[in-house]
Amino acid sequence: MQEIRSQGIAVVMITHDMRLVQEYASRVVVMSEGQVLYDGDPGKLFEMDDVLEKANLHPTILHHLLLELQRRGAAISGEIRTTQDFLAALKRNLDKKLN
């Protein structure tokens with residue numbers, strides 16, 4: 001999918017798989033019963049509990065992990081959309097602490 005997008009081709013997905021949304025989407029439109037509930041950034045969608053509930057969508061485990069780390073005071077820098085992003089951010093934070 002990333003290769004197709006890098007060629008300038010638009011990709012439209014219809015899914016309830018929030019991992020795919022978190023990892024690949026640059027824009028999300030959430031619909032329920034013919035109504036648009038949300039249109040915008042995928043990262044912000046995960047913060048909108050009322051929209052998620054009405055559309056019967058569930059944030060990813062990665063999103064829950066990041067929220068818990070933030071709640072505990074961890075500062076994870078950079079955009080994290082994938083497990084690889086998360087591991088890279090952890091490595092950067094560890095490298096900063098070791099230097």
# chains A, B, ... in the order shown; residues from 1 in each chain; ligands from 1
call {"tool": "residues_around", "arguments": {"residues": "region 81-87 of chain A", "least_positions_apart": "4", "cutoff": "8 Å", "atoms": "only C-alpha atoms", "output": "list in words"}}
result
Gln22, Glu23, Leu62 and Lys91 of chain A
call {"tool": "write_last_selection", "arguments": {"atoms": "N, CA and C atoms", "output": "short mmCIF file (atom, residue, chain, number, x, y, z; two decimals), in the first residue's frame"}}
result
data_model
loop_
_atom_site.label_atom_id
_atom_site.label_comp_id
_atom_site.auth_asym_id
_atom_site.auth_seq_id
_atom_site.Cartn_x
_atom_site.Cartn_y
_atom_site.Cartn_z
N GLN A 22 -4.69 3.10 11.58
CA GLN A 22 -3.61 3.76 12.30
C GLN A 22 -2.31 3.73 11.49
N GLU A 23 -2.06 2.62 10.84
CA GLU A 23 -0.79 2.44 10.15
C GLU A 23 -0.74 3.13 8.79
N LEU A 62 -1.77 -0.68 20.44
CA LEU A 62 -0.68 0.30 20.43
C LEU A 62 -1.17 1.64 20.97
N LYS A 91 13.95 3.41 21.33
CA LYS A 91 15.40 3.39 21.15
C LYS A 91 15.98 4.80 21.22
#
call {"tool": "select_by_dssp", "arguments": {"residues": "chain A", "states": "helix (DSSP H, G or I)", "output": "number ranges by chain"}}
result
A: 2-6, 18-24, 42-45, 49-54, 61-71, 83-98
call {"tool": "residues_around", "arguments": {"residues": "Val29 (chain A)", "least_positions_apart": "2", "cutoff": "9 Å", "atoms": "only C-alpha atoms", "output": "list in words"}}
result
Arg27, Met31, Val36, Leu37, Tyr38, Asp39, Gly40, Asp41 and Pro42 of chain A
call {"tool": "residues_around", "arguments": {"residues": "Leu52 (chain A)", "least_positions_apart": "4", "cutoff": "12 Å", "atoms": "only C-alpha atoms", "output": "count of residues only"}}
result
19
call {"tool": "residues_around", "arguments": {"residues": "Ala75 (chain A)", "least_positions_apart": "2", "cutoff": "10 Å", "atoms": "only C-alpha atoms", "output": "list in words"}}
result
Leu66, Leu69, Gln70, Arg71, Arg72, Gly73, Ser77, Gly78, Ala89, Leu90 and Asn93 of chain A
call {"tool": "write_last_selection", "arguments": {"atoms": "all heavy atoms", "output": "PDB file, in the first residue's frame"}}
result
ATOM      1  N   LEU A  66       0.322   3.528  24.280  1.00  0.00           N
ATOM      2  CA  LEU A  66       0.846   4.894  24.268  1.00  0.00           C
ATOM      3  C   LEU A  66       0.129   5.787  25.275  1.00  0.00           C
ATOM      4  O   LEU A  66       0.763   6.593  25.968  1.00  0.00           O
ATOM      5  CB  LEU A  66       0.732   5.489  22.860  1.00  0.00           C
ATOM      6  CG  LEU A  66       1.640   4.845  21.814  1.00  0.00           C
ATOM      7  CD1 LEU A  66       1.277   5.342  20.423  1.00  0.00           C
ATOM      8  CD2 LEU A  66       3.097   5.085  22.124  1.00  0.00           C
ATOM      9  N   LEU A  69       1.449   4.887  28.733  1.00  0.00           N
ATOM     10  CA  LEU A  69       2.793   5.434  28.935  1.00  0.00           C
ATOM     11  C   LEU A  69       2.746   6.932  29.198  1.00  0.00           C
ATOM     12  O   LEU A  69       3.435   7.437  30.084  1.00  0.00           O
ATOM     13  CB  LEU A  69       3.683   5.126  27.729  1.00  0.00           C
ATOM     14  CG  LEU A  69       4.118   3.677  27.592  1.00  0.00           C
ATOM     15  CD1 LEU A  69       4.798   3.451  26.246  1.00  0.00           C
ATOM     16  CD2 LEU A  69       5.049   3.276  28.723  1.00  0.00           C
ATOM     17  N   GLN A  70       1.906   7.649  28.451  1.00  0.00           N
ATOM     18  CA  GLN A  70       1.743   9.087  28.684  1.00  0.00           C
ATOM     19  C   GLN A  70       1.176   9.338  30.070  1.00  0.00           C
ATOM     20  O   GLN A  70       1.613  10.251  30.772  1.00  0.00           O
ATOM     21  CB  GLN A  70       0.829   9.705  27.629  1.00  0.00           C
ATOM     22  CG  GLN A  70       1.456   9.818  26.266  1.00  0.00           C
ATOM     23  CD  GLN A  70       0.470  10.312  25.225  1.00  0.00           C
ATOM     24  OE1 GLN A  70      -0.735  10.424  25.475  1.00  0.00           O
ATOM     25  NE2 GLN A  70       0.963  10.588  24.030  1.00  0.00           N
ATOM     26  N   ARG A  71       0.200   8.541  30.468  1.00  0.00           N
ATOM     27  CA  ARG A  71      -0.414   8.688  31.794  1.00  0.00           C
ATOM     28  C   ARG A  71       0.627   8.521  32.892  1.00  0.00           C
ATOM     29  O   ARG A  71       0.573   9.177  33.926  1.00  0.00           O
ATOM     30  CB  ARG A  71      -1.527   7.662  31.966  1.00  0.00           C
ATOM     31  CG  ARG A  71      -2.373   7.859  33.220  1.00  0.00           C
ATOM     32  CD  ARG A  71      -3.409   6.777  33.399  1.00  0.00           C
ATOM     33  NE  ARG A  71      -2.861   5.505  33.780  1.00  0.00           N
ATOM     34  CZ  ARG A  71      -2.383   5.193  34.999  1.00  0.00           C
ATOM     35  NH1 ARG A  71      -2.412   6.077  35.956  1.00  0.00           N
ATOM     36  NH2 ARG A  71      -1.894   3.998  35.263  1.00  0.00           N
ATOM     37  N   ARG A  72       1.600   7.670  32.647  1.00  0.00           N
ATOM     38  CA  ARG A  72       2.652   7.419  33.629  1.00  0.00           C
ATOM     39  C   ARG A  72       3.827   8.384  33.498  1.00  0.00           C
ATOM     40  O   ARG A  72       4.837   8.208  34.163  1.00  0.00           O
ATOM     41  CB  ARG A  72       3.138   5.984  33.511  1.00  0.00           C
ATOM     42  CG  ARG A  72       2.081   4.980  33.899  1.00  0.00           C
ATOM     43  CD  ARG A  72       2.556   3.576  33.714  1.00  0.00           C
ATOM     44  NE  ARG A  72       1.516   2.625  34.047  1.00  0.00           N
ATOM     45  CZ  ARG A  72       1.747   1.522  34.724  1.00  0.00           C
ATOM     46  NH1 ARG A  72       2.955   1.217  35.149  1.00  0.00           N
ATOM     47  NH2 ARG A  72       0.750   0.697  34.977  1.00  0.00           N
ATOM     48  N   GLY A  73       3.696   9.362  32.597  1.00  0.00           N
ATOM     49  CA  GLY A  73       4.715  10.401  32.488  1.00  0.00           C
ATOM     50  C   GLY A  73       5.803  10.161  31.458  1.00  0.00           C
ATOM     51  O   GLY A  73       6.756  10.933  31.386  1.00  0.00           O
ATOM     52  N   SER A  77       8.586  10.699  21.766  1.00  0.00           N
ATOM     53  CA  SER A  77       8.564  11.732  20.730  1.00  0.00           C
ATOM     54  C   SER A  77       8.363  11.131  19.341  1.00  0.00           C
ATOM     55  O   SER A  77       8.697   9.979  19.105  1.00  0.00           O
ATOM     56  CB  SER A  77       9.877  12.519  20.761  1.00  0.00           C
ATOM     57  OG  SER A  77      10.954  11.644  20.504  1.00  0.00           O
ATOM     58  N   GLY A  78       7.814  11.944  18.466  1.00  0.00           N
ATOM     59  CA  GLY A  78       7.617  11.534  17.082  1.00  0.00           C
ATOM     60  C   GLY A  78       6.259  10.908  16.859  1.00  0.00           C
ATOM     61  O   GLY A  78       5.577  10.502  17.795  1.00  0.00           O
ATOM     62  N   ALA A  89      11.108   4.897  18.558  1.00  0.00           N
ATOM     63  CA  ALA A  89      10.990   5.984  19.533  1.00  0.00           C
ATOM     64  C   ALA A  89      11.574   5.567  20.879  1.00  0.00           C
ATOM     65  O   ALA A  89      12.256   6.354  21.538  1.00  0.00           O
ATOM     66  CB  ALA A  89       9.528   6.401  19.692  1.00  0.00           C
ATOM     67  N   LEU A  90      11.316   4.327  21.288  1.00  0.00           N
ATOM     68  CA  LEU A  90      11.899   3.831  22.539  1.00  0.00           C
ATOM     69  C   LEU A  90      13.422   3.834  22.466  1.00  0.00           C
ATOM     70  O   LEU A  90      14.100   4.224  23.415  1.00  0.00           O
ATOM     71  CB  LEU A  90      11.398   2.417  22.845  1.00  0.00           C
ATOM     72  CG  LEU A  90       9.990   2.284  23.376  1.00  0.00           C
ATOM     73  CD1 LEU A  90       9.653   0.813  23.591  1.00  0.00           C
ATOM     74  CD2 LEU A  90       9.808   3.057  24.662  1.00  0.00           C
ATOM     75  N   ASN A  93      14.715   7.389  22.787  1.00  0.00           N
ATOM     76  CA  ASN A  93      14.641   7.832  24.182  1.00  0.00           C
ATOM     77  C   ASN A  93      15.722   7.180  25.024  1.00  0.00           C
ATOM     78  O   ASN A  93      16.342   7.831  25.872  1.00  0.00           O
ATOM     79  CB  ASN A  93      13.263   7.530  24.768  1.00  0.00           C
ATOM     80  CG  ASN A  93      12.206   8.484  24.263  1.00  0.00           C
ATOM     81  OD1 ASN A  93      12.505   9.446  23.581  1.00  0.00           O
ATOM     82  ND2 ASN A  93      10.968   8.204  24.579  1.00  0.00           N
TER      83      ASN A  93
END
call {"tool": "decode", "arguments": {"residues": "region 21-33 of chain A", "atoms": "all heavy atoms", "output": "compact mmCIF listing (two decimals), in the first residue's frame"}}
result
# COMPACT_ATOMS: atom_id res chain seq x y z
N VAL A 21 -6.02 1.37 9.77
CA VAL A 21 -6.27 2.81 9.76
C VAL A 21 -5.11 3.55 10.40
O VAL A 21 -4.58 4.51 9.84
CB VAL A 21 -7.60 3.13 10.49
CG1 VAL A 21 -7.75 4.63 10.71
CG2 VAL A 21 -8.78 2.56 9.72
N GLN A 22 -4.69 3.10 11.58
CA GLN A 22 -3.61 3.76 12.30
C GLN A 22 -2.31 3.73 11.49
O GLN A 22 -1.58 4.71 11.45
CB GLN A 22 -3.40 3.08 13.65
CG GLN A 22 -2.36 3.75 14.51
CD GLN A 22 -2.30 3.12 15.88
OE1 GLN A 22 -2.52 1.92 16.05
NE2 GLN A 22 -2.00 3.91 16.88
N GLU A 23 -2.06 2.62 10.84
CA GLU A 23 -0.79 2.44 10.15
C GLU A 23 -0.74 3.13 8.79
O GLU A 23 0.28 3.67 8.41
CB GLU A 23 -0.51 0.95 9.98
CG GLU A 23 0.90 0.64 9.57
CD GLU A 23 1.24 -0.82 9.73
OE1 GLU A 23 0.72 -1.49 10.65
OE2 GLU A 23 2.06 -1.29 8.93
N TYR A 24 -1.84 3.12 8.05
CA TYR A 24 -1.78 3.55 6.66
C TYR A 24 -2.57 4.80 6.31
O TYR A 24 -2.25 5.47 5.34
CB TYR A 24 -2.25 2.42 5.74
CG TYR A 24 -1.34 1.23 5.76
CD1 TYR A 24 -1.74 0.05 6.36
CD2 TYR A 24 -0.07 1.29 5.19
CE1 TYR A 24 -0.90 -1.06 6.39
CE2 TYR A 24 0.77 0.19 5.21
CZ TYR A 24 0.35 -0.98 5.80
OH TYR A 24 1.19 -2.05 5.83
N ALA A 25 -3.62 5.10 7.02
CA ALA A 25 -4.51 6.18 6.60
C ALA A 25 -3.92 7.56 6.88
O ALA A 25 -3.36 7.81 7.93
CB ALA A 25 -5.86 6.05 7.29
N SER A 26 -4.10 8.46 5.91
CA SER A 26 -3.72 9.85 6.13
C SER A 26 -4.97 10.70 6.39
O SER A 26 -4.89 11.82 6.87
CB SER A 26 -2.96 10.40 4.92
OG SER A 26 -3.73 10.26 3.75
N ARG A 27 -6.13 10.12 6.07
CA ARG A 27 -7.42 10.77 6.34
C ARG A 27 -8.44 9.68 6.60
O ARG A 27 -8.41 8.62 5.98
CB ARG A 27 -7.85 11.59 5.13
CG ARG A 27 -9.21 12.23 5.28
CD ARG A 27 -9.58 13.02 4.05
NE ARG A 27 -10.98 13.42 4.09
CZ ARG A 27 -11.68 13.71 3.01
NH1 ARG A 27 -11.11 13.67 1.81
NH2 ARG A 27 -12.94 14.04 3.11
N VAL A 28 -9.35 9.95 7.53
CA VAL A 28 -10.37 8.97 7.90
C VAL A 28 -11.75 9.63 7.83
O VAL A 28 -11.92 10.76 8.26
CB VAL A 28 -10.14 8.48 9.35
CG1 VAL A 28 -11.25 7.57 9.79
CG2 VAL A 28 -8.81 7.79 9.47
N VAL A 29 -12.69 8.89 7.25
CA VAL A 29 -14.09 9.30 7.29
C VAL A 29 -14.83 8.17 7.99
O VAL A 29 -14.81 7.03 7.54
CB VAL A 29 -14.67 9.53 5.88
CG1 VAL A 29 -16.15 9.88 5.98
CG2 VAL A 29 -13.89 10.61 5.15
N VAL A 30 -15.44 8.47 9.13
CA VAL A 30 -16.19 7.48 9.89
C VAL A 30 -17.67 7.73 9.67
O VAL A 30 -18.14 8.86 9.83
CB VAL A 30 -15.86 7.56 11.40
CG1 VAL A 30 -16.72 6.58 12.19
CG2 VAL A 30 -14.38 7.32 11.64
N MET A 31 -18.36 6.66 9.29
CA MET A 31 -19.79 6.77 9.04
C MET A 31 -20.55 5.76 9.89
O MET A 31 -20.03 4.70 10.20
CB MET A 31 -20.08 6.52 7.57
CG MET A 31 -19.45 7.53 6.65
SD MET A 31 -19.87 7.25 4.93
CE MET A 31 -21.58 7.78 4.95
N SER A 32 -21.76 6.13 10.24
CA SER A 32 -22.66 5.22 10.94
C SER A 32 -24.08 5.59 10.55
O SER A 32 -24.45 6.77 10.59
CB SER A 32 -22.48 5.34 12.46
OG SER A 32 -23.37 4.48 13.12
N GLU A 33 -24.83 4.60 10.14
CA GLU A 33 -26.23 4.79 9.74
C GLU A 33 -26.40 5.91 8.72
O GLU A 33 -27.30 6.73 8.82
CB GLU A 33 -27.09 5.02 10.98
CG GLU A 33 -27.06 3.84 11.94
CD GLU A 33 -27.89 4.06 13.20
OE1 GLU A 33 -28.67 5.03 13.24
OE2 GLU A 33 -27.75 3.25 14.11
